[in-house]
2 protein chains.
Amino acid sequence: MAGQEIYQASTTAPVNIAVVKYWGKRDPKLNLPTNSSISVTLSQSDLRTHTTAACSSKFPSEDTLLLNSSPQDTSGARTQACFRELRSLRSALEASDFSLPKISSLPLRIVSENNFPTAAGLASSAAGFAALVRAIADLYQLPASPTELSRIARQGSGSACRSLFGGYVAWQMGTKDDGSDSLAVEVAPASHWPTMRALILVVSAEKKGVSSTSGMQITVATSELFQRRAEVVVPKHMSEMEEAIKAKDFEKFGKVTMMESNSFHSVCSDTFPPIFYLNDVSKAAIRVVEDINKKAGKIIAAYTFDAGPNAVIYYEEENTAAVAGVVKGALEGLDGWQSREIESQDAGNLDARAVQVLKDGVSRVILTQVGEGPISTKDSLLAADGEALKK
Amino acid sequence: MAGQEIYQASTTAPVNIAVVKYWGKRDPKLNLPTNSSISVTLSQSDLRTHTTAACSSKFPSEDTLLLNSSPQDTSGARTQACFRELRSLRSALEASDFSLPKISSLPLRIVSENNFPTAAGLASSAAGFAALVRAIADLYQLPASPTELSRIARQGSGSACRSLFGGYVAWQMGTKDDGSDSLAVEVAPASHWPTMRALILVVSAEKKGVSSTSGMQITVATSELFQRRAEVVVPKHMSEMEEAIKAKDFEKFGKVTMMESNSFHSVCSDTFPPIFYLNDVSKAAIRVVEDINKKAGKIIAAYTFDAGPNAVIYYEEENTAAVAGVVKGALEGLDGWQSREIESQDAGNLDARAVQVLKDGVSRVILTQVGEGPISTKDSLLAADGEALKK
């Protein structure tokens, strides 16, 4: 048995925004998807979860999780699956090397903080579970690779498996019933195509729509177009997207990104009852991207929407003026522009009605770019006594 | 050759609102569809086109068409196709019976009036071409059946072929290249299921979206889900809908109607660039129908949307209070309620936000019901001198 000391490790983990979307589980318990997906990992300078995982015999016997200073329920099957899998790996290590402290059975204390407002409606569960799994793996000093850990993070939140890597990441759906081959792999590191930028228009939704967890299963059960998407459309988009990323071909990347987003939201609206994540503000963002591309004479900006109205607009650094600059010209004054030096451009060629809808409906912007995977840090969220730091 | 007299015939023709949608042409010239469709013909007391077709050697030599007092171009291929086909049938009659006046070669004067505002965005081309074809067929005293005339009207506007019949009407897509088997047939007359009601919420769209004529062909060319809809989903809906109508099974009718509308709008949004006909007001109407059905514990109301934001809500007469009455309770004061005696009901179980969106976005309501096909009338839109009556 270990003594009274506190074992701990800290990490940060990124958000990822899919360009080929995950929607539908073939096994809801194991979070096994009906199709593969691809995402871009976003920079942790702008969006990240910071997590400290600690264990000690002096902690109360229940595992605990504190997120942004508020206690979270850890009894759910998903969190429990992550804890159990990681403990089991540590336990095997301990059994094979008696010099290792026996910490696998100690109570866990997880403390987590996001550097972005949860209210922004950005999928934070991906960064959250990736950070949780990575931090506990580091705490346990597991020799597991990001791909091995992705199998565990996937059970916490499907898309979390992609946040174990930086750059461009594929989640291979796998075929095995036990999910052992449903894993994330790197398509290309951030350094392969470092000029990818993202402009997020945070839309002030009046109300959270259907949760993705329940929504996707209603789609699987009722959409008459879903099977076609999973079996034919997504596999096509997967191979096109991998080619586009490998060739750094933005036009192809952008076209597939937009068609994928459209396809995903189409099977949502084909669900019964229909699920609508895009609202009139989202559609105005689509219109503005179309106008930007029309002016450029080619695809230099690509919209994508997750299970909510926020628009994520990908573009390359060289087109910052023509994309982010023009949007800034239209939406000057919104919170978020100050994070990067972007010069406002004339937005006169954008549809005036769409611009007005965006002015009324976008609450802030986030400027970011492709980034790295989880990063170990010495920066602990625990005080010396093992209690969470008061913020 | 005929003398100086004016030959004429007048008819009224109805609007129809599809419950299995026409979207996609396999032959744009002949208006041959990629899938069959079914519609409900609406009562001409509420929505109709009134058309007088006349011909005379004293008319100027050009065929003319006056719609709501404004001259229309008749040189388009669609109008020309209708004139040509009808003249050809008359010409064959004249050749077989020399006692008939030779009027097939005389200039045509068509005068048409809608009893509903064109601005309402209701598909008026169906009623318009059905009335035009029926009136000319009557003028020419053609022995053609509604189904035979539907082949001609289809060439004017695809959905017009369904307005040659009352009640419940199928447009069989056919398989022949010349379109000779792409025809409308009666599924059931209005008298079979006379209790079908429709409440139309006319949404004040700020701008007309993509026209259906061009929109559907972009869908055919770019949507990756469209083929599945045409080949698998619609055939399933067609047989389910025919069964529902024959059995007067509203729950089945309503479910297929709503899933069909969702499916159609899903392939629109899967188009690249995406086509959005539903706006936030349309979605609020969907929500209200869902709330009405939830309260009833079964499907008593069914929404459907054509290529625009207006909601058409079908319901049975016995549920007038629970459907139209509740919507009236929420949207009291709108123009249109006075056309029927409907008692306002408590709308407290409707989503308050959806009701507010409807209050802000619905400009008027239309109350109507299933109705008859084209009706011959002595009421001419021409004065005794053959000129259009001034309104």
# chains A, B, ... in the order shown; residues from 1 in each chain; ligands from 1
call {"tool": "closest_atom_pairs", "arguments": {"of": "chain B", "to": "chain A", "cutoff": "6 Å", "atoms": "only C-alpha atoms", "output": "CSV"}}
result
residue,atom,partner,partner_atom,distance
B:Asn262,CA,A:Asp270,CA,5.1
B:Ser263,CA,A:Asp270,CA,5.2
B:Ser266,CA,A:Ser266,CA,4.5
B:Ser269,CA,A:Ser266,CA,5.9
B:Asp270,CA,A:Asn262,CA,5.1
call {"tool": "write_last_selection", "arguments": {"atoms": "C-alpha atoms", "output": "PDB file, in the first residue's frame"}}
result
ATOM      1  CA  ASN B 262     -38.637  16.352 -43.639  1.00  0.00           C
ATOM      2  CA  SER B 263     -37.054  14.084 -46.248  1.00  0.00           C
ATOM      3  CA  SER B 266     -33.267  17.289 -46.024  1.00  0.00           C
ATOM      4  CA  SER B 269     -30.158  21.159 -47.401  1.00  0.00           C
ATOM      5  CA  ASP B 270     -27.895  18.343 -48.627  1.00  0.00           C
TER       6      ASP B 270
END
call {"tool": "residues_around", "arguments": {"residues": "Gln369 (chain A)", "least_positions_apart": "4", "cutoff": "12 Å", "atoms": "only C-alpha atoms", "output": "ChimeraX atom specification"}}
result
/A:14-17,40-47,166-168,190-191,193-200,312-317,320,340
call {"tool": "atom_distance", "arguments": {"atom1": "CA of Ala330 (chain A)", "atom2": "CA of Phe116 (chain A)"}}
result
24.0 Å
call {"tool": "select_by_dssp", "arguments": {"residues": "region 123-347 of chain B", "states": "helix (DSSP H, G or I)", "output": "PyMOL selection string"}}
result
chain B and resi 125-139+146-156+158-164+190-192+212-222+226-247+250-269+280-296+317-319+321-331+337-339
call {"tool": "write_last_selection", "arguments": {"atoms": "C-alpha atoms", "output": "compact mmCIF listing (two decimals), in the first residue's frame"}}
result
# COMPACT_ATOMS: atom_id res chain seq x y z
CA SER B 125 -48.44 27.45 -61.12
CA ALA B 126 -50.18 24.12 -60.48
CA ALA B 127 -53.64 25.67 -60.46
CA GLY B 128 -52.64 28.01 -63.29
CA PHE B 129 -51.53 25.36 -65.78
CA ALA B 130 -54.33 22.98 -64.78
CA ALA B 131 -56.90 25.70 -65.47
CA LEU B 132 -55.20 26.68 -68.72
CA VAL B 133 -55.15 23.12 -70.04
CA ARG B 134 -58.68 22.31 -68.85
CA ALA B 135 -60.09 25.55 -70.31
CA ILE B 136 -58.46 25.05 -73.71
CA ALA B 137 -59.52 21.38 -73.73
CA ASP B 138 -63.09 22.52 -73.08
CA LEU B 139 -62.81 25.25 -75.71
CA PRO B 146 -58.33 14.22 -66.79
CA THR B 147 -55.51 11.68 -66.90
CA GLU B 148 -54.91 12.36 -70.59
CA LEU B 149 -54.92 16.10 -69.92
CA SER B 150 -52.57 15.61 -66.98
CA ARG B 151 -49.88 14.49 -69.44
CA ILE B 152 -50.18 17.91 -71.10
CA ALA B 153 -50.49 20.00 -67.94
CA ARG B 154 -47.39 18.24 -66.58
CA GLN B 155 -45.39 19.83 -69.39
CA GLY B 156 -46.52 23.27 -68.23
CA GLY B 158 -44.98 19.31 -63.13
CA SER B 159 -47.31 19.55 -60.17
CA ALA B 160 -50.10 20.99 -62.36
CA CYS B 161 -50.89 17.48 -63.54
CA ARG B 162 -52.22 16.68 -60.07
CA SER B 163 -54.62 19.65 -60.13
CA LEU B 164 -56.70 18.01 -62.91
CA ALA B 190 -62.72 13.99 -52.12
CA SER B 191 -65.97 12.23 -51.15
CA HIS B 192 -63.99 9.22 -49.94
CA SER B 212 -38.05 25.06 -57.35
CA THR B 213 -37.30 24.64 -61.05
CA SER B 214 -33.60 25.38 -60.68
CA GLY B 215 -33.35 24.15 -57.08
CA MET B 216 -34.46 20.62 -57.81
CA GLN B 217 -31.95 20.18 -60.59
CA ILE B 218 -29.09 21.37 -58.36
CA THR B 219 -30.27 18.79 -55.84
CA VAL B 220 -30.24 16.04 -58.48
CA ALA B 221 -26.74 17.07 -59.52
CA THR B 222 -25.13 17.53 -56.10
CA PHE B 226 -30.99 12.40 -53.19
CA GLN B 227 -30.72 9.10 -55.07
CA ARG B 228 -31.64 7.19 -51.93
CA ARG B 229 -34.68 9.37 -51.47
CA ALA B 230 -35.83 8.91 -55.07
CA GLU B 231 -35.14 5.19 -55.26
CA VAL B 232 -35.96 3.93 -51.79
CA VAL B 233 -37.61 6.48 -49.54
CA VAL B 234 -40.28 7.88 -51.87
CA PRO B 235 -41.47 4.50 -53.20
CA LYS B 236 -41.96 3.44 -49.57
CA HIS B 237 -43.83 6.65 -48.75
CA MET B 238 -45.97 6.30 -51.89
CA SER B 239 -47.29 2.90 -50.94
CA GLU B 240 -47.75 3.88 -47.29
CA MET B 241 -49.59 7.03 -48.29
CA GLU B 242 -51.92 5.24 -50.71
CA GLU B 243 -52.74 2.75 -47.97
CA ALA B 244 -53.33 5.55 -45.45
CA ILE B 245 -55.67 7.40 -47.81
CA LYS B 246 -57.60 4.29 -48.76
CA ALA B 247 -58.01 3.35 -45.09
CA PHE B 250 -54.98 9.87 -40.30
CA GLU B 251 -52.19 8.80 -37.98
CA LYS B 252 -50.45 7.01 -40.82
CA PHE B 253 -51.29 9.80 -43.28
CA GLY B 254 -49.88 12.36 -40.86
CA LYS B 255 -46.71 10.49 -40.05
CA VAL B 256 -45.84 9.89 -43.70
CA THR B 257 -46.74 13.49 -44.57
CA MET B 258 -44.36 14.86 -41.95
CA MET B 259 -41.54 12.40 -42.68
CA GLU B 260 -41.91 13.17 -46.38
CA SER B 261 -41.69 16.89 -45.83
CA ASN B 262 -38.64 16.35 -43.64
CA SER B 263 -37.05 14.08 -46.25
CA PHE B 264 -37.64 16.58 -49.04
CA HIS B 265 -36.17 19.50 -47.08
CA SER B 266 -33.27 17.29 -46.02
CA VAL B 267 -32.21 16.63 -49.60
CA CYS B 268 -32.59 20.37 -50.22
CA SER B 269 -30.16 21.16 -47.40
CA ASP B 280 -37.09 29.74 -37.91
CA VAL B 281 -40.81 30.52 -38.32
CA SER B 282 -41.36 27.25 -40.22
CA LYS B 283 -39.57 25.39 -37.44
CA ALA B 284 -41.76 27.06 -34.84
CA ALA B 285 -44.79 25.75 -36.79
CA ILE B 286 -43.30 22.25 -36.65
CA ARG B 287 -42.84 22.61 -32.91
CA VAL B 288 -46.44 23.70 -32.44
CA VAL B 289 -47.71 20.70 -34.42
CA GLU B 290 -45.52 18.45 -32.27
CA ASP B 291 -46.99 20.02 -29.12
CA ILE B 292 -50.55 19.57 -30.42
CA ASN B 293 -49.90 15.90 -31.18
CA LYS B 294 -48.18 15.39 -27.85
CA LYS B 295 -51.19 16.72 -26.00
CA ALA B 296 -53.52 14.52 -28.08
CA GLU B 317 -62.66 17.95 -39.11
CA GLU B 318 -63.30 16.27 -35.75
CA ASN B 319 -60.04 17.73 -34.47
CA ALA B 321 -60.80 22.58 -31.98
CA ALA B 322 -57.62 20.74 -30.96
CA VAL B 323 -55.70 21.86 -34.05
CA ALA B 324 -57.07 25.01 -35.71
CA GLY B 325 -58.75 26.18 -32.50
CA VAL B 326 -55.52 25.92 -30.50
CA VAL B 327 -53.49 27.65 -33.20
CA LYS B 328 -56.16 30.37 -33.32
CA GLY B 329 -55.86 30.70 -29.56
CA ALA B 330 -52.15 31.34 -30.03
CA LEU B 331 -52.38 33.53 -33.14
CA TRP B 337 -59.51 33.24 -39.25
CA GLN B 338 -62.80 34.93 -40.14
CA SER B 339 -63.33 32.64 -43.16
call {"tool": "residues_around", "arguments": {"residues": "Asp385 (chain A)", "least_positions_apart": "5", "cutoff": "12 Å", "atoms": "only C-alpha atoms", "output": "list of chain:residue names"}}
result
A:Gln4, A:Glu5, A:Ile6, A:Tyr7, A:Ala54, A:Ser56, A:Lys58, A:Phe59, A:Ser380
call {"tool": "write_last_selection", "arguments": {"atoms": "N, CA, C and O atoms", "output": "compact mmCIF listing (two decimals), in the first residue's frame"}}
result
# COMPACT_ATOMS: atom_id res chain seq x y z
N GLN A 4 0.95 8.23 2.63
CA GLN A 4 0.03 9.37 2.67
C GLN A 4 0.31 10.38 1.57
O GLN A 4 -0.35 11.40 1.48
N GLU A 5 1.35 10.12 0.75
CA GLU A 5 1.66 11.16 -0.22
C GLU A 5 0.61 11.30 -1.31
O GLU A 5 -0.24 10.42 -1.46
N ILE A 6 0.70 12.45 -1.99
CA ILE A 6 -0.24 12.73 -3.07
C ILE A 6 0.48 12.53 -4.39
O ILE A 6 1.50 13.17 -4.65
N TYR A 7 -0.02 11.62 -5.18
CA TYR A 7 0.51 11.41 -6.53
C TYR A 7 -0.31 12.27 -7.48
O TYR A 7 -1.53 12.34 -7.36
N ALA A 54 -5.09 13.35 -9.51
CA ALA A 54 -4.31 13.00 -8.31
C ALA A 54 -4.94 11.81 -7.61
O ALA A 54 -6.13 11.53 -7.78
N SER A 56 -4.53 9.63 -3.69
CA SER A 56 -3.85 9.56 -2.40
C SER A 56 -4.71 8.78 -1.43
O SER A 56 -5.95 8.83 -1.51
N LYS A 58 -5.02 9.56 1.46
CA LYS A 58 -5.63 10.49 2.41
C LYS A 58 -6.88 11.17 1.85
O LYS A 58 -7.57 11.90 2.56
N PHE A 59 -7.16 10.93 0.57
CA PHE A 59 -8.41 11.46 -0.01
C PHE A 59 -9.59 10.64 0.48
O PHE A 59 -9.46 9.43 0.74
N SER A 380 -0.14 22.63 -11.58
CA SER A 380 -1.16 21.80 -10.91
C SER A 380 -2.35 22.63 -10.49
O SER A 380 -2.22 23.80 -10.14
call {"tool": "residues_around", "arguments": {"residues": "region 86-92 of chain A", "least_positions_apart": "3", "cutoff": "9 Å", "atoms": "only C-alpha atoms", "output": "list in words"}}
result
Ala81, Cys82, Phe83, Ala95, Ser96, Asp97, Lys102, Ile103, Ser104, Ser105, Val133, Ile136, Ala137, Tyr140, Gln141, Leu142, Ala144, Leu149 and Ile152 of chain A
call {"tool": "write_last_selection", "arguments": {"atoms": "N, CA, C and O atoms", "output": "mmCIF file, in the first residue's frame"}}
result
data_model
loop_
_atom_site.group_PDB
_atom_site.id
_atom_site.type_symbol
_atom_site.label_atom_id
_atom_site.label_comp_id
_atom_site.auth_asym_id
_atom_site.auth_seq_id
_atom_site.Cartn_x
_atom_site.Cartn_y
_atom_site.Cartn_z
ATOM 1 N N ALA A 81 -16.237 3.983 -16.867
ATOM 2 C CA ALA A 81 -15.507 3.150 -17.839
ATOM 3 C C ALA A 81 -14.074 3.641 -17.992
ATOM 4 O O ALA A 81 -13.125 2.851 -18.034
ATOM 5 N N CYS A 82 -13.896 4.959 -18.055
ATOM 6 C CA CYS A 82 -12.536 5.503 -18.187
ATOM 7 C C CYS A 82 -11.703 5.176 -16.947
ATOM 8 O O CYS A 82 -10.563 4.712 -17.047
ATOM 9 N N PHE A 83 -12.268 5.429 -15.758
ATOM 10 C CA PHE A 83 -11.549 5.129 -14.522
ATOM 11 C C PHE A 83 -11.161 3.646 -14.478
ATOM 12 O O PHE A 83 -10.024 3.286 -14.151
ATOM 13 N N ALA A 95 1.444 -5.146 -11.099
ATOM 14 C CA ALA A 95 1.622 -6.590 -10.933
ATOM 15 C C ALA A 95 2.905 -7.072 -11.592
ATOM 16 O O ALA A 95 3.519 -8.050 -11.171
ATOM 17 N N SER A 96 3.330 -6.339 -12.631
ATOM 18 C CA SER A 96 4.519 -6.780 -13.354
ATOM 19 C C SER A 96 5.789 -6.167 -12.783
ATOM 20 O O SER A 96 6.892 -6.557 -13.131
ATOM 21 N N ASP A 97 5.649 -5.145 -11.928
ATOM 22 C CA ASP A 97 6.828 -4.474 -11.371
ATOM 23 C C ASP A 97 6.518 -4.099 -9.925
ATOM 24 O O ASP A 97 5.865 -3.098 -9.648
ATOM 25 N N LYS A 102 1.602 1.113 -5.232
ATOM 26 C CA LYS A 102 0.277 0.551 -5.535
ATOM 27 C C LYS A 102 -0.748 1.674 -5.437
ATOM 28 O O LYS A 102 -1.385 1.866 -4.409
ATOM 29 N N ILE A 103 -0.871 2.406 -6.524
ATOM 30 C CA ILE A 103 -1.773 3.561 -6.472
ATOM 31 C C ILE A 103 -3.071 3.322 -7.234
ATOM 32 O O ILE A 103 -3.975 4.147 -7.203
ATOM 33 N N SER A 104 -3.153 2.198 -7.961
ATOM 34 C CA SER A 104 -4.332 1.970 -8.816
ATOM 35 C C SER A 104 -5.623 1.894 -8.012
ATOM 36 O O SER A 104 -6.693 2.200 -8.532
ATOM 37 N N SER A 105 -5.515 1.514 -6.744
ATOM 38 C CA SER A 105 -6.746 1.368 -5.956
ATOM 39 C C SER A 105 -7.056 2.606 -5.122
ATOM 40 O O SER A 105 -8.067 2.644 -4.415
ATOM 41 N N VAL A 133 -8.380 11.466 -19.372
ATOM 42 C CA VAL A 133 -7.702 10.192 -19.660
ATOM 43 C C VAL A 133 -6.185 10.391 -19.721
ATOM 44 O O VAL A 133 -5.418 9.608 -19.162
ATOM 45 N N ILE A 136 -4.788 11.026 -16.105
ATOM 46 C CA ILE A 136 -4.729 9.805 -15.277
ATOM 47 C C ILE A 136 -3.659 8.854 -15.826
ATOM 48 O O ILE A 136 -2.917 8.222 -15.060
ATOM 49 N N ALA A 137 -3.542 8.763 -17.151
ATOM 50 C CA ALA A 137 -2.501 7.906 -17.747
ATOM 51 C C ALA A 137 -1.119 8.382 -17.323
ATOM 52 O O ALA A 137 -0.214 7.579 -17.056
ATOM 53 N N TYR A 140 -0.582 7.569 -13.676
ATOM 54 C CA TYR A 140 -0.291 6.145 -13.538
ATOM 55 C C TYR A 140 0.972 5.734 -14.291
ATOM 56 O O TYR A 140 1.332 4.562 -14.298
ATOM 57 N N GLN A 141 1.570 6.704 -14.956
ATOM 58 C CA GLN A 141 2.781 6.452 -15.757
ATOM 59 C C GLN A 141 2.609 5.271 -16.712
ATOM 60 O O GLN A 141 3.479 4.405 -16.840
ATOM 61 N N LEU A 142 1.466 5.273 -17.385
ATOM 62 C CA LEU A 142 1.181 4.199 -18.332
ATOM 63 C C LEU A 142 1.986 4.426 -19.618
ATOM 64 O O LEU A 142 2.113 5.554 -20.080
ATOM 65 N N ALA A 144 1.096 3.761 -22.454
ATOM 66 C CA ALA A 144 0.144 3.692 -23.564
ATOM 67 C C ALA A 144 0.343 4.837 -24.557
ATOM 68 O O ALA A 144 0.603 5.973 -24.179
ATOM 69 N N LEU A 149 -4.766 5.168 -25.762
ATOM 70 C CA LEU A 149 -5.605 5.953 -24.846
ATOM 71 C C LEU A 149 -6.897 6.396 -25.512
ATOM 72 O O LEU A 149 -7.921 6.589 -24.859
ATOM 73 N N ILE A 152 -9.825 4.382 -24.777
ATOM 74 C CA ILE A 152 -10.433 4.634 -23.463
ATOM 75 C C ILE A 152 -11.230 5.940 -23.477
ATOM 76 O O ILE A 152 -12.378 5.982 -23.036
#
call {"tool": "atom_distance", "arguments": {"atom1": "CA of Pro309 (chain A)", "atom2": "CA of Gly209 (chain A)"}}
result
9.3 Å
